[in-house]
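One structure is given below, encoded as structure tokens.
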Amino acid sequence: MNVPGLESYNWVVWILGVLAFAVVIGVVIAAIVRASRRPPELHSAAERLQREAPRKPEVEAKLRELNRLKECGQLGEAEYERQRAEVLAGR
């Protein structure tokens with residue numbers, strides 16, 4: 001049975017299927033890009049507050065002194081990181 005117009009109907013269905021597939025792929029790619037641009041989530045509210053809280057002037061002065069010693073070569077990288085962690089921990 002040769003039905004008139006069947007061939008063009010097949011093309012329309014095929015094109016709509018390809019377009020639907022392209023739209024789905026585009027949505028998935030857009031979701032991936034959007035998720036990659038999102039800032040990393042903070043683990044807790046306390047951690048967020050600690051990062052946002054201004055440091056005391058004494059702590060800032062100690063950190064500047066450590067940076068100066070490191071830049072002058074009087075302090076190695078490992079020792080600098082250890083002392084910096086102690087200053088930030090409040091020891």
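In the structure tokens, chains take the letters A, B, ... in the order shown, each chain's residues start at 1, and ligands count up from 1 in the order shown.
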> DSSP on the backbone: what in chain A comes out alpha helix (DSSP H), as a ChimeraX atom specification?
Replying inline: /A:6-37,45-52,57-72,77-89
>> Can you measure atom CA of Ala85 of chain A to atom CA of Arg64 of chain A for me? One decimal in Å is fine.
In response: 13.5 Å
>> So that I can see what lies close to segment 49-54 of chain A, please list as a list in words the residues with an atom at most 12 Å from it, counting only C-alpha atoms and leaving out residues fewer than 6 positions away in the same chain.
In response: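 Selected residues are Leu42, His43, Glu60, Leu88 and Ala89 of chain A.
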Go ahead and dump the residues you just picked, N, CA and C atoms, as a PDB file, in the first residue's frame.
ATOM      1  N   LEU A  42      30.164  25.302  51.737  1.00  0.00           N
ATOM      2  CA  LEU A  42      30.880  25.284  53.003  1.00  0.00           C
ATOM      3  C   LEU A  42      30.340  24.135  53.848  1.00  0.00           C
ATOM      4  N   HIS A  43      31.197  23.539  54.633  1.00  0.00           N
ATOM      5  CA  HIS A  43      30.807  22.367  55.398  1.00  0.00           C
ATOM      6  C   HIS A  43      29.881  22.693  56.555  1.00  0.00           C
ATOM      7  N   GLU A  60      46.794  39.558  62.412  1.00  0.00           N
ATOM      8  CA  GLU A  60      47.234  40.123  61.138  1.00  0.00           C
ATOM      9  C   GLU A  60      48.713  40.505  61.194  1.00  0.00           C
ATOM     10  N   LEU A  88      46.765  31.020  63.206  1.00  0.00           N
ATOM     11  CA  LEU A  88      45.327  31.023  62.874  1.00  0.00           C
ATOM     12  C   LEU A  88      44.497  30.217  63.869  1.00  0.00           C
ATOM     13  N   ALA A  89      45.114  29.216  64.489  1.00  0.00           N
ATOM     14  CA  ALA A  89      44.411  28.422  65.482  1.00  0.00           C
ATOM     15  C   ALA A  89      44.325  29.160  66.826  1.00  0.00           C
TER      16      ALA A  89
END
> Suppose you want the space between atom CA of Val24 of chain A and atom CA of Trp11 of chain A; what is it in Å?
Replying inline: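 Taking atom CA of Val24 of chain A and atom CA of Trp11 of chain A, their separation equals 20.0 Å.
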> From the list A:Val33, A:Val12, A:Val87, A:Leu19, which residue is nearest Lys56 of chain A when using only C-alpha atoms?
Replying inline: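 With only C-alpha atoms as the atom set, the closest residue is A:Val87.
For the pair atom CA of Val59 of chain A and atom CA of Gln83 of chain A, the separation is 11.7 Å.
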> Restricting the calculation to only C-alpha atoms, which member of A:Leu63, A:Val18, A:Val28, A:Leu69 is positioned closest to Gly90 of chain A?
Replying inline: A:Leu63
